[in-house]
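Quick look at run-v6.tsv (TSV, C-alpha atoms):
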```tsv
chain	number	residue	atom	x	y	z
F	1	MET	CA	17.99	-3.95	-33.21
F	2	VAL	CA	15.01	-6.16	-32.38
F	3	THR	CA	13.42	-5.33	-35.74
F	4	LEU	CA	16.62	-6.31	-37.55
F	5	LEU	CA	16.96	-9.54	-35.56
F	6	ALA	CA	13.30	-10.34	-36.23
F	7	LYS	CA	13.92	-10.10	-39.99
F	8	LEU	CA	16.87	-12.47	-39.63
F	9	PHE	CA	15.47	-15.08	-37.25
F	10	ILE	CA	11.65	-15.01	-37.48
F	11	LYS	CA	10.82	-16.99	-40.60
F	12	GLU	CA	7.15	-17.73	-39.89
F	13	LYS	CA	4.87	-15.42	-41.91
F	14	LYS	CA	1.34	-16.78	-41.52
F	15	ASP	CA	0.78	-18.49	-38.16
F	16	GLN	CA	0.21	-15.59	-35.75
F	17	ALA	CA	0.55	-17.81	-32.68
F	18	LYS	CA	4.00	-18.99	-33.80
F	19	ILE	CA	5.06	-15.46	-34.76
F	20	ARG	CA	4.00	-14.26	-31.33
F	21	GLN	CA	5.95	-17.03	-29.61
F	22	GLN	CA	9.08	-16.33	-31.68
F	23	TYR	CA	8.91	-12.62	-30.85
F	24	GLY	CA	8.63	-13.47	-27.16
F	25	ILE	CA	11.67	-15.75	-27.30
F	26	LEU	CA	13.68	-13.21	-29.30
F	27	CYS	CA	12.86	-10.40	-26.85
F	28	GLY	CA	13.78	-12.67	-23.96
F	29	ILE	CA	17.21	-13.40	-25.46
F	30	VAL	CA	17.87	-9.72	-26.24
F	31	GLY	CA	16.75	-8.78	-22.71
F	32	ILE	CA	19.15	-11.28	-21.12
F	33	LEU	CA	22.13	-10.02	-23.14
F	34	LEU	CA	21.45	-6.33	-22.55
F	35	ASN	CA	20.79	-6.74	-18.83
F	36	VAL	CA	23.96	-8.79	-18.31
F	37	LEU	CA	25.97	-6.06	-20.05
F	38	LEU	CA	24.31	-3.38	-17.90
F	39	PHE	CA	24.98	-5.38	-14.75
F	40	GLY	CA	28.67	-5.65	-15.60
F	41	GLY	CA	29.02	-1.94	-16.34
F	42	LYS	CA	27.12	-0.78	-13.27
F	43	PHE	CA	28.85	-3.26	-10.96
F	44	ILE	CA	32.20	-1.85	-12.05
F	45	ALA	CA	30.91	1.71	-11.59
F	46	GLY	CA	29.48	0.86	-8.16
F	47	SER	CA	32.70	-0.76	-7.01
F	48	ILE	CA	34.75	2.25	-8.12
F	49	SER	CA	32.41	4.83	-6.60
F	50	LYS	CA	31.44	2.85	-3.46
F	51	SER	CA	27.83	3.87	-4.18
F	52	ILE	CA	25.08	1.69	-2.72
F	53	ALA	CA	22.59	3.12	-5.23
F	54	ILE	CA	24.72	2.21	-8.27
F	55	THR	CA	25.57	-1.26	-6.94
F	56	ALA	CA	21.92	-1.95	-6.09
F	57	ASP	CA	20.88	-0.75	-9.55
F	58	ALA	CA	23.44	-3.18	-11.01
F	59	PHE	CA	21.92	-6.14	-9.19
F	60	ASN	CA	18.51	-4.91	-10.28
F	61	ASN	CA	19.70	-5.40	-13.88
F	62	LEU	CA	20.98	-8.86	-12.98
F	63	SER	CA	17.55	-9.78	-11.66
F	64	ASP	CA	16.09	-8.37	-14.89
F	65	ALA	CA	18.27	-10.81	-16.84
F	66	GLY	CA	16.76	-13.61	-14.77
F	67	SER	CA	13.29	-12.19	-15.43
F	68	SER	CA	14.00	-12.16	-19.17
F	69	LEU	CA	15.03	-15.80	-18.92
F	70	VAL	CA	11.74	-16.59	-17.17
F	71	THR	CA	9.83	-14.72	-19.89
F	72	LEU	CA	11.68	-16.66	-22.58
F	73	ILE	CA	10.90	-20.01	-20.94
F	74	GLY	CA	7.29	-18.92	-20.41
F	75	PHE	CA	6.76	-18.11	-24.08
F	76	LYS	CA	8.35	-21.40	-25.09
F	77	LEU	CA	6.16	-23.48	-22.76
F	78	ALA	CA	3.01	-21.46	-23.51
F	79	GLY	CA	3.34	-22.39	-27.18
F	80	ALA	CA	3.07	-26.11	-26.46
F	81	LYS	CA	0.12	-27.81	-28.13
F	82	PRO	CA	-2.89	-29.03	-26.12
F	83	ASP	CA	-2.62	-32.53	-24.69
F	84	PRO	CA	-4.95	-34.92	-22.79
F	85	GLU	CA	-3.95	-33.39	-19.45
F	86	HIS	CA	-4.30	-29.79	-20.71
F	87	PRO	CA	-6.95	-29.82	-23.46
F	88	PHE	CA	-7.19	-26.02	-23.47
F	89	GLY	CA	-3.47	-25.57	-24.12
F	90	HIS	CA	-0.70	-24.09	-22.00
F	91	GLY	CA	-1.24	-20.38	-22.69
F	92	ARG	CA	-1.64	-19.42	-19.04
F	93	ILE	CA	2.00	-20.31	-18.43
F	94	GLU	CA	2.75	-16.90	-19.95
F	95	TYR	CA	0.75	-15.27	-17.16
F	96	VAL	CA	2.64	-17.36	-14.61
F	97	SER	CA	5.98	-16.28	-16.08
F	98	GLY	CA	4.85	-12.65	-15.86
F	99	LEU	CA	3.97	-13.22	-12.20
F	100	VAL	CA	7.46	-14.62	-11.56
F	101	VAL	CA	8.92	-11.50	-13.16
F	102	ALA	CA	6.78	-9.34	-10.87
F	103	ALA	CA	7.91	-11.33	-7.81
F	104	ALA	CA	11.56	-10.78	-8.78
F	105	ILE	CA	10.90	-7.04	-9.10
F	106	LEU	CA	9.28	-6.91	-5.65
F	107	LEU	CA	12.15	-8.85	-4.05
F	108	MET	CA	14.71	-6.51	-5.57
F	109	ALA	CA	12.72	-3.48	-4.36
F	110	TYR	CA	12.70	-4.83	-0.80
F	111	GLU	CA	16.44	-5.49	-0.77
F	112	LEU	CA	17.22	-2.10	-2.29
F	113	ILE	CA	15.09	-0.21	0.24
F	114	ARG	CA	16.65	-2.20	3.11
F	115	ASP	CA	20.22	-1.46	1.97
F	116	SER	CA	19.37	2.18	1.31
F	117	ILE	CA	18.03	2.67	4.83
F	118	ASP	CA	21.32	1.31	6.16
F	119	LYS	CA	23.19	3.80	3.93
F	120	ILE	CA	20.99	6.65	5.22
F	121	LEU	CA	21.86	5.71	8.79
F	122	HIS	CA	25.57	5.26	7.98
F	123	PRO	CA	26.42	7.65	5.08
F	124	GLU	CA	29.73	7.36	3.24
F	125	ASP	CA	31.52	9.49	0.66
F	126	THR	CA	31.22	8.28	-2.95
F	127	GLU	CA	33.73	8.56	-5.76
F	128	PHE	CA	33.02	10.39	-9.04
F	129	SER	CA	34.36	9.99	-12.57
F	130	ILE	CA	33.30	10.59	-16.16
F	131	LEU	CA	33.34	6.80	-16.69
F	132	ILE	CA	30.67	6.33	-14.00
F	133	VAL	CA	28.48	9.06	-15.50
F	134	GLY	CA	28.92	7.58	-18.98
F	135	ILE	CA	27.89	4.11	-17.80
F	136	LEU	CA	24.76	5.49	-16.10
F	137	VAL	CA	23.74	7.58	-19.13
F	138	ALA	CA	24.26	4.59	-21.44
F	139	SER	CA	22.15	2.46	-19.09
F	140	ILE	CA	19.29	4.98	-19.22
F	141	LEU	CA	19.33	4.96	-23.04
F	142	VAL	CA	19.44	1.16	-23.22
F	143	LYS	CA	16.55	0.79	-20.77
F	144	LEU	CA	14.45	3.33	-22.67
F	145	TYR	CA	15.02	1.28	-25.81
F	146	MET	CA	14.05	-1.92	-23.98
F	147	PHE	CA	10.88	-0.23	-22.71
F	148	TRP	CA	10.01	0.91	-26.22
F	149	TYR	CA	10.36	-2.46	-27.95
F	150	ASN	CA	8.81	-4.51	-25.10
F	151	ARG	CA	5.79	-2.21	-24.91
F	152	GLY	CA	5.34	-2.25	-28.68
F	153	ILE	CA	5.47	-6.02	-28.97
F	154	GLY	CA	3.36	-6.44	-25.82
F	155	LYS	CA	0.60	-4.30	-27.33
F	156	LYS	CA	0.83	-5.84	-30.79
F	157	TYR	CA	0.61	-9.42	-29.55
F	158	ASP	CA	-1.43	-8.81	-26.36
F	159	SER	CA	1.23	-10.17	-24.00
F	160	ALA	CA	0.93	-9.45	-20.27
F	161	ALA	CA	4.45	-10.78	-19.71
F	162	MET	CA	5.94	-8.40	-22.30
F	163	ARG	CA	4.00	-5.46	-20.87
F	164	ALA	CA	5.27	-6.36	-17.38
F	165	THR	CA	8.82	-6.42	-18.74
F	166	ALA	CA	8.24	-3.03	-20.39
F	167	MET	CA	7.07	-1.53	-17.10
F	168	ASP	CA	10.12	-2.99	-15.40
F	169	SER	CA	12.37	-1.34	-18.00
F	170	LEU	CA	10.63	2.00	-17.51
F	171	SER	CA	11.04	1.82	-13.72
F	172	ASP	CA	14.71	0.93	-14.25
F	173	THR	CA	15.10	4.03	-16.40
F	174	CYS	CA	13.69	6.20	-13.62
F	175	ALA	CA	15.80	4.37	-11.04
F	176	THR	CA	19.05	4.89	-12.93
F	177	ALA	CA	18.17	8.53	-13.56
F	178	VAL	CA	17.78	9.01	-9.80
F	179	VAL	CA	21.13	7.28	-9.22
F	180	LEU	CA	22.76	9.59	-11.78
F	181	ILE	CA	21.31	12.65	-10.04
F	182	ALA	CA	22.57	11.37	-6.69
F	183	THR	CA	26.06	10.90	-8.15
F	184	LEU	CA	26.17	14.42	-9.59
F	185	VAL	CA	24.71	16.07	-6.48
F	186	GLY	CA	27.13	14.19	-4.22
F	187	HIS	CA	30.09	15.28	-6.33
F	188	TYR	CA	29.20	18.95	-6.74
F	189	THR	CA	27.62	19.67	-3.34
F	190	GLY	CA	29.09	17.08	-0.99
F	191	LEU	CA	25.59	16.13	0.22
F	192	HIS	CA	25.13	12.47	1.21
F	193	ILE	CA	21.90	11.70	-0.64
F	194	ASP	CA	23.05	8.34	-2.02
F	195	GLY	CA	20.98	6.39	0.50
F	196	TRP	CA	17.92	8.58	0.04
F	197	CYS	CA	18.09	8.19	-3.74
F	198	GLY	CA	18.54	4.45	-3.36
F	199	ALA	CA	15.36	4.35	-1.26
F	200	LEU	CA	13.51	6.36	-3.91
F	201	VAL	CA	14.71	3.93	-6.56
F	202	GLY	CA	13.44	1.07	-4.41
F	203	ILE	CA	10.01	2.69	-4.13
F	204	LEU	CA	9.83	3.17	-7.91
F	205	ILE	CA	10.76	-0.47	-8.45
F	206	LEU	CA	8.22	-1.54	-5.81
F	207	TYR	CA	5.46	0.33	-7.65
F	208	ALA	CA	6.46	-1.29	-10.96
F	209	GLY	CA	6.41	-4.72	-9.32
F	210	ILE	CA	2.94	-4.23	-7.87
F	211	SER	CA	1.62	-3.00	-11.24
F	212	ALA	CA	3.17	-5.96	-13.06
F	213	ALA	CA	1.81	-8.43	-10.48
F	214	LYS	CA	-1.71	-7.05	-10.86
F	215	GLU	CA	-1.62	-7.28	-14.65
F	216	THR	CA	-0.58	-10.94	-14.55
F	217	LEU	CA	-2.72	-11.97	-11.56
F	218	ASP	CA	-5.99	-10.58	-12.94
F	219	PRO	CA	-6.26	-13.00	-15.91
F	220	LEU	CA	-5.20	-15.92	-13.69
F	221	LEU	CA	-7.95	-15.09	-11.19
F	222	GLY	CA	-10.54	-14.59	-13.93
F	223	GLN	CA	-10.93	-10.91	-14.79
F	224	ALA	CA	-13.83	-9.51	-16.78
F	225	PRO	CA	-13.16	-9.46	-20.54
F	226	ASP	CA	-12.29	-6.30	-22.42
F	227	GLU	CA	-15.36	-4.15	-23.16
F	228	ASP	CA	-14.48	-3.78	-26.84
F	229	PHE	CA	-14.27	-7.58	-27.15
F	230	VAL	CA	-17.72	-7.95	-25.54
F	231	MET	CA	-19.21	-5.28	-27.82
F	232	GLU	CA	-17.79	-7.04	-30.87
F	233	ILE	CA	-19.38	-10.32	-29.78
F	234	ASP	CA	-22.71	-8.54	-29.31
F	235	ARG	CA	-22.43	-6.89	-32.75
F	236	ILE	CA	-21.69	-10.18	-34.52
F	237	VAL	CA	-24.46	-12.13	-32.80
F	238	MET	CA	-27.16	-9.46	-33.03
F	239	ALA	CA	-26.45	-8.89	-36.72
F	240	HIS	CA	-28.58	-12.01	-37.34
F	241	GLU	CA	-32.24	-11.01	-37.38
F	242	GLU	CA	-33.37	-14.40	-36.07
F	243	ILE	CA	-31.73	-13.62	-32.70
F	244	CYS	CA	-33.75	-11.30	-30.44
F	245	GLY	CA	-31.24	-10.82	-27.64
F	246	ILE	CA	-28.28	-12.32	-25.79
F	247	HIS	CA	-27.44	-12.79	-22.12
F	248	ASP	CA	-25.33	-14.89	-19.75
F	249	LEU	CA	-22.19	-14.19	-21.80
F	250	ILE	CA	-19.08	-15.77	-20.27
F	251	VAL	CA	-15.54	-15.44	-21.64
F	252	HIS	CA	-13.07	-18.12	-20.59
F	253	ASP	CA	-9.44	-17.00	-20.99
F	254	TYR	CA	-6.89	-19.84	-21.29
F	255	GLY	CA	-4.06	-17.56	-22.37
F	256	PRO	CA	-3.42	-15.14	-25.24
F	257	GLY	CA	-5.18	-16.36	-28.37
F	258	ARG	CA	-6.99	-19.11	-26.43
F	259	LYS	CA	-10.43	-17.78	-25.55
F	260	MET	CA	-13.70	-19.70	-25.32
F	261	ILE	CA	-17.09	-18.03	-24.95
F	262	SER	CA	-20.55	-19.23	-24.02
F	263	LEU	CA	-23.79	-17.27	-24.21
F	264	HIS	CA	-27.56	-17.62	-24.35
F	265	ALA	CA	-29.33	-16.38	-27.48
F	266	GLU	CA	-33.03	-15.56	-27.36
F	267	VAL	CA	-34.88	-16.81	-30.44
F	268	PRO	CA	-38.59	-16.80	-31.42
F	269	ALA	CA	-40.41	-19.73	-29.83
F	270	ASP	CA	-42.56	-20.21	-32.96
F	271	GLY	CA	-39.56	-20.39	-35.33
F	272	ASP	CA	-38.45	-23.53	-37.16
F	273	ILE	CA	-36.04	-25.20	-34.74
F	274	LEU	CA	-33.85	-26.63	-37.50
F	275	GLU	CA	-33.52	-23.28	-39.25
F	276	VAL	CA	-32.76	-21.49	-35.97
F	277	HIS	CA	-30.20	-24.16	-35.08
F	278	ASP	CA	-28.52	-23.58	-38.43
F	279	VAL	CA	-28.34	-19.84	-37.68
F	280	ILE	CA	-26.73	-20.57	-34.30
F	281	ASP	CA	-24.14	-22.81	-35.98
F	282	ASN	CA	-23.33	-20.02	-38.43
F	283	VAL	CA	-22.92	-17.51	-35.60
F	284	GLU	CA	-20.54	-19.85	-33.76
F	285	ASN	CA	-18.46	-20.27	-36.92
F	286	GLU	CA	-18.45	-16.51	-37.52
F	287	LEU	CA	-17.22	-15.82	-33.99
F	288	ARG	CA	-14.44	-18.36	-34.49
F	289	ALA	CA	-13.42	-16.85	-37.83
F	290	LYS	CA	-13.53	-13.17	-36.79
F	291	LEU	CA	-12.48	-13.28	-33.13
F	292	GLY	CA	-10.46	-16.49	-33.02
F	293	CYS	CA	-12.46	-17.98	-30.15
F	294	ASP	CA	-14.55	-21.13	-29.80
F	295	ALA	CA	-18.18	-20.35	-29.00
F	296	THR	CA	-21.00	-22.37	-27.46
F	297	ILE	CA	-24.46	-20.83	-27.83
F	298	HIS	CA	-27.54	-21.98	-25.94
F	299	MET	CA	-30.91	-21.24	-27.54
F	300	ASP	CA	-33.56	-19.64	-25.31
F	301	PRO	CA	-37.01	-19.66	-27.01
F	302	ILE	CA	-39.16	-16.64	-26.18
F	303	VAL	CA	-42.70	-15.75	-27.22
F	304	THR	CA	-42.64	-12.78	-29.59
F	305	SER	CA	-46.04	-12.95	-31.29
F	306	ASP	CA	-48.41	-12.82	-28.27
F	307	VAL	CA	-49.55	-9.24	-27.58
F	308	HIS	CA	-50.63	-9.96	-23.97
F	309	ILE	CA	-47.25	-11.50	-23.08
F	310	SER	CA	-45.45	-8.59	-24.72
F	311	GLU	CA	-47.52	-6.16	-22.62
F	312	LEU	CA	-46.72	-8.08	-19.42
F	313	LYS	CA	-43.00	-8.08	-20.28
F	314	ALA	CA	-43.08	-4.33	-20.96
F	315	ALA	CA	-44.78	-3.78	-17.60
F	316	VAL	CA	-42.13	-5.82	-15.74
F	317	ILE	CA	-39.32	-3.97	-17.55
F	318	SER	CA	-40.91	-0.66	-16.54
F	319	ILE	CA	-41.09	-1.85	-12.92
F	320	VAL	CA	-37.45	-2.95	-12.66
F	321	LYS	CA	-36.23	0.19	-14.44
F	322	GLY	CA	-38.23	2.21	-11.93
F	323	ILE	CA	-36.15	0.63	-9.17
F	324	ASP	CA	-32.80	1.21	-10.95
F	325	GLU	CA	-31.90	1.78	-14.60
F	326	VAL	CA	-29.00	-0.69	-14.43
F	327	ILE	CA	-31.35	-3.65	-13.86
F	328	THR	CA	-32.29	-5.76	-16.91
F	329	ILE	CA	-34.40	-8.89	-17.35
F	330	HIS	CA	-34.21	-11.87	-19.69
F	331	ASP	CA	-35.78	-15.30	-20.26
F	332	PHE	CA	-39.26	-13.84	-19.71
F	333	ARG	CA	-42.03	-16.45	-19.73
F	334	VAL	CA	-45.66	-16.52	-18.66
F	335	VAL	CA	-47.39	-19.61	-17.22
F	336	THR	CA	-51.13	-19.15	-16.79
F	337	GLY	CA	-53.09	-21.33	-14.33
F	338	PRO	CA	-56.71	-21.50	-13.16
F	339	THR	CA	-56.10	-19.35	-10.06
F	340	HIS	CA	-52.98	-17.27	-10.82
F	341	THR	CA	-50.34	-16.43	-13.43
F	342	ASN	CA	-46.61	-16.91	-12.93
F	343	LEU	CA	-44.27	-14.36	-14.45
F	344	ILE	CA	-40.96	-16.21	-14.79
F	345	PHE	CA	-37.77	-14.31	-15.60
F	346	ASP	CA	-34.18	-13.66	-14.59
F	347	VAL	CA	-32.98	-10.31	-13.29
F	348	LEU	CA	-29.44	-9.10	-14.01
F	349	VAL	CA	-27.77	-6.75	-11.50
F	350	PRO	CA	-24.16	-5.62	-10.99
F	351	PHE	CA	-21.88	-7.21	-8.41
F	352	LYS	CA	-22.10	-5.51	-4.98
F	353	PHE	CA	-25.53	-4.11	-5.86
F	354	TYR	CA	-26.85	-1.91	-3.07
F	355	ILE	CA	-30.08	-3.95	-2.81
F	356	SER	CA	-29.86	-7.56	-1.62
F	357	ASP	CA	-31.31	-10.33	-3.79
F	358	GLU	CA	-34.06	-10.99	-1.24
F	359	GLN	CA	-35.02	-7.32	-0.95
F	360	LEU	CA	-35.04	-6.89	-4.72
F	361	THR	CA	-37.30	-9.92	-5.19
F	362	MET	CA	-39.75	-8.58	-2.61
F	363	MET	CA	-39.73	-5.09	-4.13
F	364	ILE	CA	-40.46	-6.41	-7.64
F	365	GLN	CA	-43.22	-8.73	-6.35
F	366	ASN	CA	-44.91	-5.88	-4.45
F	367	LYS	CA	-44.78	-3.53	-7.45
F	368	VAL	CA	-46.12	-6.27	-9.78
F	369	THR	CA	-48.99	-6.82	-7.37
F	370	GLU	CA	-49.73	-3.09	-7.26
F	371	ARG	CA	-49.69	-2.66	-11.04
F	372	LEU	CA	-51.01	-5.99	-12.39
F	373	GLY	CA	-53.06	-7.44	-9.56
F	374	ARG	CA	-52.81	-10.05	-6.81
F	375	ASN	CA	-53.18	-13.01	-9.18
F	376	TYR	CA	-49.74	-12.33	-10.74
F	377	TYR	CA	-46.84	-14.06	-9.01
F	378	VAL	CA	-43.16	-13.36	-9.66
F	379	VAL	CA	-40.84	-16.34	-10.07
F	380	MET	CA	-37.40	-14.82	-10.59
F	381	LYS	CA	-33.69	-15.51	-10.22
F	382	VAL	CA	-31.12	-12.80	-9.61
F	383	ASP	CA	-28.02	-13.07	-11.83
F	384	LYS	CA	-24.69	-11.24	-11.79
F	385	ALA	CA	-22.94	-10.17	-15.00
F	386	TYR	CA	-19.70	-11.89	-15.98
F	387	VAL	CA	-18.85	-9.02	-18.32
F	388	LYS	CA	-18.59	-5.27	-17.76
```
Could you write out this file's structure as structure tokens?
Amino acid sequence: MVTLLAKLFIKEKKDQAKIRQQYGILCGIVGILLNVLLFGGKFIAGSISKSIAITADAFNNLSDAGSSLVTLIGFKLAGAKPDPEHPFGHGRIEYVSGLVVAAAILLMAYELIRDSIDKILHPEDTEFSILIVGILVASILVKLYMFWYNRGIGKKYDSAAMRATAMDSLSDTCATAVVLIATLVGHYTGLHIDGWCGALVGILILYAGISAAKETLDPLLGQAPDEDFVMEIDRIVMAHEEICGIHDLIVHDYGPGRKMISLHAEVPADGDILEVHDVIDNVENELRAKLGCDATIHMDPIVTSDVHISELKAAVISIVKGIDEVITIHDFRVVTGPTHTNLIFDVLVPFKFYISDEQLTMMIQNKVTERLGRNYYVVMKVDKAYVK
């Protein structure tokens, strides 16, 4: 159905950002209509059967309709063009809308678990009919369809909000299946498991809400970029022979399709600065063309033609690797004076590294002294990686 509606209502063929926005709005409208229909059917079934699980599942669908409305509004607002107050655009509104959806899921889970506990403590007989079973089976099929199209579009257009909606639909499928089982068991065995099944449904919905909240909170808080994206940046930059290495890569995420990156590129210190600058400009343009992100590259000149400096750098690399293989160095420079030589470099270690910055500095200094002599001093800064 969504594919057919897309052919009818999505006219844009070239602008991927607009196509993405139109798909989000379309899915939001379809989600509202389907969830309102499911609410009506389940509410009728719950009223007839006097089942807390069915009635709670009905209101869960009503909250889903509200969530779809939030998703629709989020996509619409996220597509707004940058302005003086928001020069990086409004893309993060989509993450906010996904967070609102997650909050609605968590609220519904709490209310369902609360009502189910009351039903466990005060069980009641429930009514049974083919109509009730038919409504529940139809609801499961509809929710599976909603999960399928929301997940597909969420993956295709990298939408956290759509993926959160897909997870919500999947949890609703499981929830309704549990309600159906409770209805059948109650009818054929007389066991009062309605409240217990309602509680299980609530737990499933709670898990879906927590998962959806995490997926939308992480980009808002500033999560590390995808490893494949980082590797592609590295491949593009290092394909230029004038660049010897990169470090201090930072990816700024302002919403889907709105990424900015900054990095330091090591270049030969004896190279022509105008030619190297032209290479850097070309790399920035290539990153924009291939990855759709704005890039700012800082040039770090390093000495590549001095044998003595290369030997000192190799010795320092050997020392830090002897401490732990995960440690790397960059921005290596040598400043020679009349009484001593400074080895200046930055050390990169993971977050929560088991050695403190102070201890690591002392260890490297001691090992440099042992291997190179007392007239070599370490001047280093400990960095943490902003990418995985």
With a distance cut-off of 10 Å and only C-alpha atoms, select the neighbouring residues of Val133 of chain F, excluding the residue or stretch itself and same-chain residues fewer than 6 positions from it, and output the selection as a list in words.
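Skipping anything fewer than 6 positions along the chain leaves Ala45, Ser139, Val179, Leu180, Ile181, Thr183 and Leu184 of chain F.
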In terms of the shortest atom-to-atom distance over all atoms listed in the file, which of F:Ser49, F:Asn342, F:Asn366, F:Thr328 is closest to Val382 of chain F?
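Once distances to Val382 of chain F are computed over all atoms listed in the file, the minimum belongs to F:Thr328.
Atom CA of Ile323 of chain F is positioned 18.7 Å from atom CA of Gly373 of chain F.
Across the structure, atom CA of Val335 of chain F and atom CA of Arg371 of chain F are spaced 18.2 Å apart.
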If we count all atoms listed in the file and set the cut-off at 6 Å, which residues sit around segment 65-74 of chain F, ignoring sequence neighbours fewer than 2 positions away in its own chain? Please answer as an NGL selection string.
:F and (25 or 28 or 31-32 or 35 or 62-63 or 76-78 or 93-94 or 97 or 101)
Identify which of the residues F:Glu227, F:Ile105, F:Gly271, F:His264 lies closest to Ile203 of chain F, counting all atoms listed in the file when measuring atom-to-atom distances.
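Under the stated criterion, the closest residue is F:Ile105.
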Selected residue of minimal separation from Glu242 of chain F among F:His277, F:Arg20, F:Lys81, F:His340, counting only C-alpha atoms:
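Counting only C-alpha atoms, the residue closest to Glu242 of chain F is F:His277.
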Neighbours of Pro225 of chain F within 12 Å (only C-alpha atoms; same-chain residues fewer than 4 positions away dropped), as a list of chain:residue names?
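Within the cut-off, the hits are F:Asp218, F:Pro219, F:Phe229, F:Val230, F:Met231, F:Glu232, F:Ile233, F:Leu249, F:Ile250, F:Val251, F:His252, F:Asp253, F:Lys259, F:Met260, F:Ile261, F:Ala385, F:Tyr386, F:Val387, F:Lys388.
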